[in-house]
Structures are given as structure tokens and as C-alpha cells.
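Here's protein-v3.txt, which has compact mmCIF, C-alpha atoms:
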# COMPACT_ATOMS: atom_id res chain seq x y z
CA MET K 1 -18.33 -25.96 -194.85
CA SER K 2 -21.16 -24.41 -196.91
CA ILE K 3 -24.88 -25.09 -196.43
CA THR K 4 -25.01 -26.79 -199.83
CA THR K 5 -22.26 -29.21 -198.77
CA ILE K 6 -24.14 -30.01 -195.57
CA VAL K 7 -27.37 -30.67 -197.50
CA GLN K 8 -25.47 -32.84 -199.99
CA ASP K 9 -24.06 -34.95 -197.15
CA ILE K 10 -27.49 -35.37 -195.56
CA ILE K 11 -29.14 -36.32 -198.86
CA ARG K 12 -26.33 -38.78 -199.61
CA TYR K 13 -26.67 -40.37 -196.16
CA PHE K 14 -30.39 -41.05 -196.55
CA ALA K 15 -29.96 -42.05 -200.21
CA ASP K 16 -27.47 -44.72 -199.12
CA LEU K 17 -29.87 -45.75 -196.34
CA THR K 18 -32.99 -46.03 -198.51
CA GLY K 19 -31.36 -46.89 -201.83
CA ASN K 20 -33.00 -43.98 -203.69
CA PRO K 21 -32.45 -40.21 -203.63
CA GLY K 22 -36.18 -39.58 -204.04
CA TRP K 23 -36.93 -41.07 -200.64
CA SER K 24 -33.92 -39.22 -199.26
CA ILE K 25 -35.36 -35.85 -200.37
CA ILE K 26 -38.72 -36.75 -198.85
CA ILE K 27 -37.15 -37.78 -195.53
CA VAL K 28 -35.02 -34.63 -195.34
CA THR K 29 -38.06 -32.47 -196.13
CA VAL K 30 -40.15 -34.11 -193.41
CA LEU K 31 -37.29 -33.71 -190.91
CA ILE K 32 -37.08 -29.99 -191.71
CA LYS K 33 -40.81 -29.65 -191.12
CA VAL K 34 -40.60 -31.57 -187.84
CA ILE K 35 -37.75 -29.37 -186.61
CA THR K 36 -39.66 -26.19 -187.50
CA HIS K 37 -43.01 -27.48 -186.19
CA PRO K 38 -42.87 -25.36 -182.98
CA LEU K 39 -42.51 -22.27 -185.18
CA THR K 40 -45.52 -23.39 -187.23
CA VAL K 41 -47.60 -23.76 -184.06
CA LYS K 42 -46.50 -20.28 -182.95
CA GLN K 43 -47.40 -18.88 -186.37
CA LEU K 44 -50.91 -20.33 -186.33
CA ARG K 45 -51.51 -19.21 -182.74
CA SER K 46 -50.47 -15.69 -183.73
CA MET K 47 -52.79 -15.76 -186.74
CA GLU K 48 -55.71 -16.85 -184.56
CA GLN K 49 -54.96 -14.07 -182.06
CA ILE K 50 -54.84 -11.47 -184.83
CA LYS K 51 -58.10 -12.81 -186.26
CA ALA K 52 -59.73 -12.38 -182.83
CA ILE K 53 -58.77 -8.69 -182.59
CA THR K 54 -59.45 -7.86 -186.26
CA PRO K 55 -62.77 -6.08 -185.48
CA LYS K 56 -60.95 -3.79 -183.01
CA MET K 57 -58.21 -3.18 -185.59
CA LYS K 58 -60.83 -2.06 -188.13
CA GLU K 59 -62.41 0.23 -185.54
CA LEU K 60 -59.06 1.89 -184.89
CA GLU K 61 -58.40 2.21 -188.62
CA ALA K 62 -61.73 4.02 -189.10
CA LYS K 63 -61.40 6.14 -185.96
CA TYR K 64 -57.86 7.38 -186.64
CA LYS K 65 -58.04 7.68 -190.41
CA GLY K 66 -55.73 10.50 -191.42
CA GLN K 67 -53.81 10.26 -188.12
CA PRO K 68 -51.12 7.65 -188.92
CA GLN K 69 -48.99 8.27 -185.84
CA GLU K 70 -51.92 8.01 -183.44
CA TYR K 71 -53.17 4.94 -185.30
CA GLN K 72 -49.79 3.20 -185.00
CA SER K 73 -49.65 4.07 -181.31
CA ARG K 74 -53.13 2.65 -180.67
CA MET K 75 -52.34 -0.47 -182.68
CA ALA K 76 -49.17 -1.07 -180.65
CA GLU K 77 -51.26 -0.67 -177.50
CA LEU K 78 -53.85 -3.14 -178.82
CA TYR K 79 -51.16 -5.72 -179.59
CA ARG K 80 -49.60 -5.25 -176.17
CA ASP K 81 -52.90 -5.51 -174.28
CA ASN K 82 -53.80 -8.73 -176.12
CA ASN K 83 -50.27 -10.20 -175.96
CA VAL K 84 -50.05 -10.37 -179.76
CA ASN K 85 -46.80 -10.30 -181.70
CA PRO K 86 -47.71 -9.44 -185.34
CA MET K 87 -44.28 -10.61 -186.52
CA ALA K 88 -44.55 -14.07 -184.93
CA GLY K 89 -46.26 -15.52 -187.97
CA CYS K 90 -43.69 -14.40 -190.53
CA LEU K 91 -40.66 -16.65 -189.97
CA PRO K 92 -42.23 -20.08 -190.68
CA SER K 93 -43.60 -18.75 -193.97
CA LEU K 94 -40.13 -17.56 -195.04
CA ILE K 95 -38.21 -20.76 -194.24
CA PRO K 96 -39.28 -22.98 -197.20
CA LEU K 97 -38.09 -20.64 -199.98
CA PRO K 98 -34.41 -20.35 -198.92
CA VAL K 99 -34.32 -24.14 -198.43
CA LEU K 100 -35.82 -24.55 -201.92
CA ILE K 101 -32.98 -22.43 -203.34
CA VAL K 102 -30.43 -24.66 -201.57
CA PHE K 103 -32.08 -27.80 -203.01
CA PHE K 104 -32.09 -26.14 -206.43
CA ARG K 105 -28.33 -25.54 -206.27
CA VAL K 106 -27.55 -28.96 -204.82
CA LEU K 107 -29.54 -30.84 -207.47
CA GLN K 108 -28.13 -28.79 -210.34
CA ASN K 109 -24.79 -30.41 -209.52
CA HIS K 110 -24.89 -33.28 -212.02
CA GLU K 111 -21.79 -34.93 -210.56
CA PHE K 112 -23.39 -35.04 -207.12
CA VAL K 113 -26.66 -36.48 -208.49
CA ALA K 114 -24.72 -39.08 -210.50
CA SER K 115 -22.84 -40.14 -207.35
CA LEU K 116 -26.02 -40.93 -205.45
CA GLN K 117 -26.93 -44.57 -204.96
CA GLY K 118 -30.03 -45.41 -207.00
CA ALA K 119 -29.99 -42.13 -208.93
CA ALA K 120 -29.77 -43.94 -212.26
CA ALA K 121 -33.12 -45.59 -211.55
CA GLY K 122 -34.81 -42.23 -211.03
CA PHE K 123 -37.86 -41.86 -208.78
CA LEU K 124 -41.39 -42.72 -209.83
CA TRP K 125 -41.76 -41.22 -213.34
CA MET K 126 -38.76 -38.86 -213.02
CA PRO K 127 -35.57 -40.23 -214.63
CA ASP K 128 -33.21 -37.40 -213.58
CA PHE K 129 -33.43 -35.40 -210.34
CA SER K 130 -31.21 -32.63 -211.71
CA LYS K 131 -33.58 -31.83 -214.61
CA PRO K 132 -37.20 -30.60 -214.68
CA ASP K 133 -39.98 -33.19 -214.63
CA PRO K 134 -40.45 -34.22 -218.30
CA LEU K 135 -44.16 -35.00 -217.76
CA PHE K 136 -44.86 -31.67 -215.99
CA LEU K 137 -46.71 -33.47 -213.20
CA MET K 138 -44.54 -31.89 -210.48
CA PRO K 139 -45.36 -28.34 -211.68
CA VAL K 140 -49.07 -29.20 -211.48
CA LEU K 141 -48.63 -30.69 -208.00
CA SER K 142 -46.52 -27.68 -206.93
CA ALA K 143 -49.28 -25.28 -207.97
CA ALA K 144 -52.10 -27.38 -206.49
CA THR K 145 -50.45 -28.00 -203.11
CA THR K 146 -49.34 -24.35 -202.84
CA TRP K 147 -52.94 -23.29 -203.42
CA LEU K 148 -54.26 -25.73 -200.80
CA SER K 149 -51.65 -24.67 -198.24
CA MET K 150 -52.27 -20.94 -198.73
CA SER K 151 -56.04 -21.37 -198.79
CA GLN K 152 -55.92 -22.70 -195.24
CA THR K 153 -54.43 -19.50 -193.84
CA ALA K 154 -55.68 -16.73 -196.16
CA ALA K 155 -57.61 -14.21 -194.10
CA ASP K 156 -58.10 -10.87 -195.88
CA GLN K 157 -58.65 -9.90 -199.51
CA SER K 158 -54.96 -9.10 -200.19
CA GLN K 159 -53.95 -12.58 -199.05
CA LYS K 160 -56.71 -14.14 -201.15
CA SER K 161 -55.25 -12.54 -204.27
CA MET K 162 -51.88 -14.12 -203.40
CA VAL K 163 -53.63 -17.49 -203.14
CA ILE K 164 -54.09 -17.24 -206.91
CA ILE K 165 -50.80 -15.58 -207.87
CA MET K 166 -48.38 -17.63 -205.74
CA PRO K 167 -49.51 -21.11 -206.92
CA LEU K 168 -49.23 -20.00 -210.55
CA MET K 169 -45.72 -18.66 -209.91
CA MET K 170 -44.61 -21.84 -208.14
CA GLY K 171 -46.11 -23.99 -210.88
CA TRP K 172 -44.11 -22.06 -213.47
CA PHE K 173 -40.92 -22.19 -211.38
CA ALA K 174 -41.34 -25.97 -211.07
CA THR K 175 -41.16 -26.28 -214.86
CA GLN K 176 -37.65 -24.79 -214.65
CA MET K 177 -36.27 -26.27 -211.42
CA PRO K 178 -34.71 -29.74 -210.89
CA ALA K 179 -37.33 -32.41 -210.28
CA GLY K 180 -35.76 -33.13 -206.87
CA ALA K 181 -36.34 -29.52 -205.78
CA ALA K 182 -39.95 -29.78 -206.94
CA ILE K 183 -40.31 -32.95 -204.82
CA TYR K 184 -39.11 -30.94 -201.82
CA TRP K 185 -41.63 -28.17 -202.48
CA VAL K 186 -44.59 -30.53 -202.96
CA VAL K 187 -43.78 -32.57 -199.84
CA THR K 188 -43.28 -29.35 -197.85
CA ASN K 189 -46.76 -28.21 -198.89
CA ILE K 190 -48.35 -31.57 -198.09
CA VAL K 191 -46.81 -31.66 -194.60
CA THR K 192 -47.77 -27.99 -194.06
CA ILE K 193 -51.39 -28.76 -194.99
CA ALA K 194 -51.43 -31.61 -192.47
CA GLN K 195 -49.78 -29.44 -189.79
CA ASN K 196 -52.23 -26.59 -190.33
CA TRP K 197 -55.20 -28.95 -190.01
CA LEU K 198 -53.87 -30.63 -186.87
CA VAL K 199 -52.80 -27.42 -185.12
CA ARG K 200 -56.06 -25.63 -185.93
CA ARG K 201 -57.98 -28.63 -184.62
CA GLN K 202 -55.89 -28.51 -181.44
CA LEU K 203 -56.49 -24.77 -181.02
CA SER K 204 -60.22 -25.26 -181.55
CA ALA K 205 -60.25 -28.04 -178.97
CA GLU K 206 -58.52 -25.72 -176.49
CA LYS K 207 -61.38 -23.25 -176.98
CA GLY K 208 -63.90 -26.05 -176.51
CA VAL K 209 -64.96 -26.05 -180.15
CA VAL K 210 -64.01 -29.03 -182.31
CA ARG K 211 -64.22 -28.33 -186.03

Translate this file's structure into C-alpha cells.
Amino acid sequence: MSITTIVQDIIRYFADLTGNPGWSIIIVTVLIKVITHPLTVKQLRSMEQIKAITPKMKELEAKYKGQPQEYQSRMAELYRDNNVNPMAGCLPSLIPLPVLIVFFRVLQNHEFVASLQGAAAGFLWMPDFSKPDPLFLMPVLSAATTWLSMSQTAADQSQKSMVIIMPLMMGWFATQMPAGAAIYWVVTNIVTIAQNWLVRRQLSAEKGVVR
């Protein structure tokens, strides 16, 4: 059984339960975010740890400029001494895109979309989940929520440039993708924004500083 078949079955189950595929996509998206929440917490903790040792990282970069091997060795030692795993923050950021591709493929299947209970009624202003949003509101929301989500975690200048590029890319992609896939992306971003705010507030409280 392929991953697309599994996702189709899950979407169909919640579509039958709620009477509309739009709510089904939202429920499935929230469930994915709930399941991966521990990874999100780990990611944000790792980012906060890296932020705390950034001054030392810059000192090492200046001290061992032109000595890449020694620099890498000192950096590994710095991570080890501070119990920091620089790769811990990568996985949660990579999860949404493969899932988006799965949603894209699932919702391009017109026969599957037509078989869903309530699909003929559409969802909000979107008449067909397998086609792009005709009013282009989802592309705008995709770009805006991507920007908000990335703005919460952007730390250095290279990341800040991606805060501009990535939302524009996702906004353009959303003009081409099925409206249902765009719903997934927007809801993912909204839940991520809420998670980031809550987790950062929790981490601040642990340090005795409430933002």
C-alpha cells in the first residue's frame, strides 16, 4: 500500500465524518502537526541553544580563520561541551514539504476528489479541491503565512534573505497546486506559528523570563 493510498483513505474517513473534504484536510493537517510536535519542541530548543553559543562560534570563526580543520574541531568541541546537536533542528523543517507533495498527488486524482462526500459543494470559496484556487486567495495566504512562520525563527542574515524568497516561491507554487494542497500548507503554517509562540513562551518561562 502506497503513502498516497493511505492519505486518500484518511482524507476519505474524515470527509465522511465531517461531510466536507475541506474540514478533512484541515483535521489531517492538525493531526500531523500534533504527532510531530515533540520534534518541533526539540527543534526550537536546539535553535535557542545555538543562539546562546553564537558569540563563541563567531570568536572561533575569527580566531581560526584560514584553519578550516582546526575550526571544525573546535566547533565540534563547543557543541559537545554545550550539549548541542546542530542537526536537531533540521527534521521538523523538512517534514511539511514531502507531505505537501503527497497532498498534491492525491488531490490531482479527479476520480478520488469526485468520490468524496461533499466535494461537489466545494469548501468556502473553492469549488474544486483538485484545481488551483480561482480567486488566488490561497496563494496570498500561502505566502503570508510562510513569511510569518519563517520570521519567527530567522536568526542570521542568510536566513533573513530566505524569509523573502521562500514566501514568494510558495505563493507562486500555490497558484499551480490543487486548492486542497494549498489548504494543507496554509493550515500547517498557522499551526506552526502557534506552536512556535507557545514553545518559545514555555522556554522563556523555564529561564524565568516571560515574553

Next on the checklist: Report, in Å to a single decimal, how far apart atom CA of K:Val140 and atom CA of K:Ile11 are.
Outcome noted: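 One can read the atom CA of K:Ile11 to atom CA of K:Val140 distance as 24.6 Å.
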
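From atom CA of K:Met47 back to atom CA of K:Tyr71, the distance works out to 20.8 Å.
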
Checklist entry - Contacts of K:Thr5 at 10 Å or less, counting all atoms listed in the file, minus same-chain residues fewer than 4 places along, as number ranges by chain? => result K: 1, 9-11, 102, 106

Next on the checklist: Could you tell me how far atom CA of K:Arg74 sits from atom CA of K:Glu59, in Å to one decimal place?
Outcome noted: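 Distance reported for this atom pair: 10.8 Å.
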
Next on the checklist: For a quick check of understanding, using only C-alpha atoms, which of K:Ile32, K:Met177, K:Leu116, K:Ile193 has the smallest distance to K:Thr18?
Outcome noted: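 The shortest atom-to-atom distance to K:Thr18 comes from K:Leu116.
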
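Every protein, DNA or RNA residue with an atom at most 7 Å from K:Val186, where all atoms listed in the file count and chain neighbours fewer than 2 positions away do not, is listed here: Leu141, Ser142, Thr145, Ala182, Ile183, Tyr184, Thr188, Asn189 and Ile190 of chain K.
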
Next on the checklist: Every residue with an atom at most 6 Å from (-41.9, -31.3, -194.7) (file coordinates; only C-alpha atoms) is what I'm after, so could you write them as a PyMOL selection string?
Outcome noted: chain K and resi 29-30+32-33+187-188+191

Next on the checklist: Just checking: using only C-alpha atoms, which residue out of K:Ala179, K:Leu198, K:Ile27, K:Leu78 ends up closest to K:Leu135?
Outcome noted: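 Under the stated criterion, the closest residue is K:Ala179.
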
Expected axis-aligned box over every listed atom of stretch 61-69 of chain K, 5 Å added per side, centre plus edges in Å to one decimal, as AutoDock Vina command-line options:
--center_x -55.4 --center_y 6.4 --center_z -188.6 --size_x 22.7 --size_y 18.3 --size_z 15.6

Next on the checklist: Restricting the calculation to only C-alpha atoms: of K:Gln8, K:Ala15, K:Asn196, K:Val34, which residue gets closest to K:Glu48?
Outcome noted: K:Asn196

Next on the checklist: Could you list, as a PyMOL selection string, every residue within 6 Å of stretch 121-133 of chain K, counting all atoms listed in the file and ignoring same-chain residues fewer than 4 positions away?
Outcome noted: chain K and resi 22+107-108+175-180

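Between K:Asn83 and the candidates K:Lys65, K:Arg201, K:His37, K:Arg45, the tightest atom-to-atom separation, counting only C-alpha atoms, involves K:Arg45.
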
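Comparing the minimum interatomic distances between K:Ala181 and each of K:Ile3, K:Pro68, K:Phe103, K:Ser149, counting only C-alpha atoms, we find that K:Phe103 sits nearest.
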
Generate a file for stretch 1-110 of chain K, containing C-alpha atoms, as a PDB file, in the first residue's frame.
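Written output follows (out-v5.pdb):
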ATOM      1  CA  MET K   1       0.000   0.000   0.000  1.00  0.00           C
ATOM      2  CA  SER K   2       1.472   3.362  -1.087  1.00  0.00           C
ATOM      3  CA  ILE K   3       1.598   6.522   1.030  1.00  0.00           C
ATOM      4  CA  THR K   4      -0.832   8.226  -1.354  1.00  0.00           C
ATOM      5  CA  THR K   5      -3.364   5.421  -0.838  1.00  0.00           C
ATOM      6  CA  ILE K   6      -3.018   5.749   2.935  1.00  0.00           C
ATOM      7  CA  VAL K   7      -3.540   9.528   2.767  1.00  0.00           C
ATOM      8  CA  GLN K   8      -6.552   9.034   0.486  1.00  0.00           C
ATOM      9  CA  ASP K   9      -8.126   6.634   2.990  1.00  0.00           C
ATOM     10  CA  ILE K  10      -7.531   9.036   5.882  1.00  0.00           C
ATOM     11  CA  ILE K  11      -8.950  12.014   3.978  1.00  0.00           C
ATOM     12  CA  ARG K  12     -11.978   9.955   2.910  1.00  0.00           C
ATOM     13  CA  TYR K  13     -12.594   8.831   6.512  1.00  0.00           C
ATOM     14  CA  PHE K  14     -12.681  12.380   7.882  1.00  0.00           C
ATOM     15  CA  ALA K  15     -14.600  13.652   4.837  1.00  0.00           C
ATOM     16  CA  ASP K  16     -17.320  11.084   5.560  1.00  0.00           C
ATOM     17  CA  LEU K  17     -17.205  12.072   9.243  1.00  0.00           C
ATOM     18  CA  THR K  18     -17.455  15.837   8.709  1.00  0.00           C
ATOM     19  CA  GLY K  19     -19.365  15.883   5.431  1.00  0.00           C
ATOM     20  CA  ASN K  20     -16.759  18.005   3.631  1.00  0.00           C
ATOM     21  CA  PRO K  21     -13.238  17.284   2.344  1.00  0.00           C
ATOM     22  CA  GLY K  22     -12.083  20.778   3.320  1.00  0.00           C
ATOM     23  CA  TRP K  23     -12.547  20.037   7.003  1.00  0.00           C
ATOM     24  CA  SER K  24     -10.972  16.636   6.430  1.00  0.00           C
ATOM     25  CA  ILE K  25      -7.780  18.228   5.057  1.00  0.00           C
ATOM     26  CA  ILE K  26      -7.668  20.632   7.999  1.00  0.00           C
ATOM     27  CA  ILE K  27      -8.125  17.815  10.542  1.00  0.00           C
ATOM     28  CA  VAL K  28      -5.446  15.651   8.902  1.00  0.00           C
ATOM     29  CA  THR K  29      -3.051  18.610   8.815  1.00  0.00           C
ATOM     30  CA  VAL K  30      -3.578  19.380  12.505  1.00  0.00           C
ATOM     31  CA  LEU K  31      -3.092  15.701  13.387  1.00  0.00           C
ATOM     32  CA  ILE K  32       0.225  15.659  11.506  1.00  0.00           C
ATOM     33  CA  LYS K  33       1.352  18.729  13.432  1.00  0.00           C
ATOM     34  CA  VAL K  34       0.278  17.205  16.748  1.00  0.00           C
ATOM     35  CA  ILE K  35       2.170  13.987  16.008  1.00  0.00           C
ATOM     36  CA  THR K  36       5.326  15.917  15.078  1.00  0.00           C
ATOM     37  CA  HIS K  37       5.005  18.419  17.953  1.00  0.00           C
ATOM     38  CA  PRO K  38       7.784  16.769  20.042  1.00  0.00           C
ATOM     39  CA  LEU K  39      10.130  17.252  17.082  1.00  0.00           C
ATOM     40  CA  THR K  40       9.092  20.907  16.863  1.00  0.00           C
ATOM     41  CA  VAL K  41       9.884  21.401  20.553  1.00  0.00           C
ATOM     42  CA  LYS K  42      13.271  19.748  20.040  1.00  0.00           C
ATOM     43  CA  GLN K  43      13.935  21.980  17.030  1.00  0.00           C
ATOM     44  CA  LEU K  44      13.182  25.187  18.922  1.00  0.00           C
ATOM     45  CA  ARG K  45      15.227  24.092  21.935  1.00  0.00           C
ATOM     46  CA  SER K  46      18.160  23.397  19.616  1.00  0.00           C
ATOM     47  CA  MET K  47      17.775  26.806  17.972  1.00  0.00           C
ATOM     48  CA  GLU K  48      17.774  28.529  21.369  1.00  0.00           C
ATOM     49  CA  GLN K  49      20.903  26.605  22.400  1.00  0.00           C
ATOM     50  CA  ILE K  50      22.694  27.572  19.193  1.00  0.00           C
ATOM     51  CA  LYS K  51      21.638  31.194  19.670  1.00  0.00           C
ATOM     52  CA  ALA K  52      23.174  31.128  23.172  1.00  0.00           C
ATOM     53  CA  ILE K  53      26.577  29.970  21.900  1.00  0.00           C
ATOM     54  CA  THR K  54      26.602  32.141  18.760  1.00  0.00           C
ATOM     55  CA  PRO K  55      29.076  34.680  20.254  1.00  0.00           C
ATOM     56  CA  LYS K  56      31.534  31.845  20.970  1.00  0.00           C
ATOM     57  CA  MET K  57      31.003  30.490  17.451  1.00  0.00           C
ATOM     58  CA  LYS K  58      31.915  33.887  15.981  1.00  0.00           C
ATOM     59  CA  GLU K  59      35.009  34.050  18.189  1.00  0.00           C
ATOM     60  CA  LEU K  60      36.164  30.665  16.899  1.00  0.00           C
ATOM     61  CA  GLU K  61      35.449  31.693  13.313  1.00  0.00           C
ATOM     62  CA  ALA K  62      37.641  34.796  13.714  1.00  0.00           C
ATOM     63  CA  LYS K  63      40.374  33.009  15.669  1.00  0.00           C
ATOM     64  CA  TYR K  64      40.765  30.066  13.284  1.00  0.00           C
ATOM     65  CA  LYS K  65      40.166  31.862  10.004  1.00  0.00           C
ATOM     66  CA  GLY K  66      42.204  30.080   7.360  1.00  0.00           C
ATOM     67  CA  GLN K  67      42.433  26.922   9.505  1.00  0.00           C
ATOM     68  CA  PRO K  68      39.276  25.005   8.496  1.00  0.00           C
ATOM     69  CA  GLN K  69      40.245  21.706  10.112  1.00  0.00           C
ATOM     70  CA  GLU K  70      41.096  23.294  13.456  1.00  0.00           C
ATOM     71  CA  TYR K  71      37.933  25.398  13.252  1.00  0.00           C
ATOM     72  CA  GLN K  72      35.756  22.332  12.664  1.00  0.00           C
ATOM     73  CA  SER K  73      37.453  20.538  15.544  1.00  0.00           C
ATOM     74  CA  ARG K  74      36.873  23.460  17.922  1.00  0.00           C
ATOM     75  CA  MET K  75      33.266  23.796  16.784  1.00  0.00           C
ATOM     76  CA  ALA K  76      32.629  20.095  17.434  1.00  0.00           C
ATOM     77  CA  GLU K  77      34.143  20.565  20.892  1.00  0.00           C
ATOM     78  CA  LEU K  78      31.922  23.607  21.526  1.00  0.00           C
ATOM     79  CA  TYR K  79      28.799  21.670  20.532  1.00  0.00           C
ATOM     80  CA  ARG K  80      29.811  18.740  22.719  1.00  0.00           C
ATOM     81  CA  ASP K  81      30.598  20.885  25.768  1.00  0.00           C
ATOM     82  CA  ASN K  82      27.240  22.666  25.496  1.00  0.00           C
ATOM     83  CA  ASN K  83      25.252  19.519  24.635  1.00  0.00           C
ATOM     84  CA  VAL K  84      24.127  20.996  21.312  1.00  0.00           C
ATOM     85  CA  ASN K  85      23.155  18.931  18.290  1.00  0.00           C
ATOM     86  CA  PRO K  86      23.248  21.292  15.254  1.00  0.00           C
ATOM     87  CA  MET K  87      21.236  18.798  13.190  1.00  0.00           C
ATOM     88  CA  ALA K  88      18.376  18.530  15.703  1.00  0.00           C
ATOM     89  CA  GLY K  89      16.554  21.477  14.195  1.00  0.00           C
ATOM     90  CA  CYS K  90      16.541  20.235  10.607  1.00  0.00           C
ATOM     91  CA  LEU K  91      13.997  17.386  10.526  1.00  0.00           C
ATOM     92  CA  PRO K  92      10.835  19.295  11.565  1.00  0.00           C
ATOM     93  CA  SER K  93      11.541  21.892   8.878  1.00  0.00           C
ATOM     94  CA  LEU K  94      11.808  19.187   6.198  1.00  0.00           C
ATOM     95  CA  ILE K  95       8.606  17.281   7.058  1.00  0.00           C
ATOM     96  CA  PRO K  96       5.956  19.667   5.582  1.00  0.00           C
ATOM     97  CA  LEU K  97       7.312  19.694   2.009  1.00  0.00           C
ATOM     98  CA  PRO K  98       7.189  15.908   1.345  1.00  0.00           C
ATOM     99  CA  VAL K  99       3.686  15.819   2.848  1.00  0.00           C
ATOM    100  CA  LEU K 100       2.705  18.722   0.558  1.00  0.00           C
ATOM    101  CA  ILE K 101       3.880  16.681  -2.447  1.00  0.00           C
ATOM    102  CA  VAL K 102       1.733  13.734  -1.287  1.00  0.00           C
ATOM    103  CA  PHE K 103      -1.316  16.014  -0.935  1.00  0.00           C
ATOM    104  CA  PHE K 104      -0.562  17.431  -4.383  1.00  0.00           C
ATOM    105  CA  ARG K 105      -0.617  13.957  -5.943  1.00  0.00           C
ATOM    106  CA  VAL K 106      -3.669  12.808  -4.000  1.00  0.00           C
ATOM    107  CA  LEU K 107      -5.752  15.861  -4.921  1.00  0.00           C
ATOM    108  CA  GLN K 108      -4.740  15.741  -8.584  1.00  0.00           C
ATOM    109  CA  ASN K 109      -6.679  12.469  -8.753  1.00  0.00           C
ATOM    110  CA  HIS K 110     -10.001  13.814 -10.030  1.00  0.00           C
TER     111      HIS K 110
END
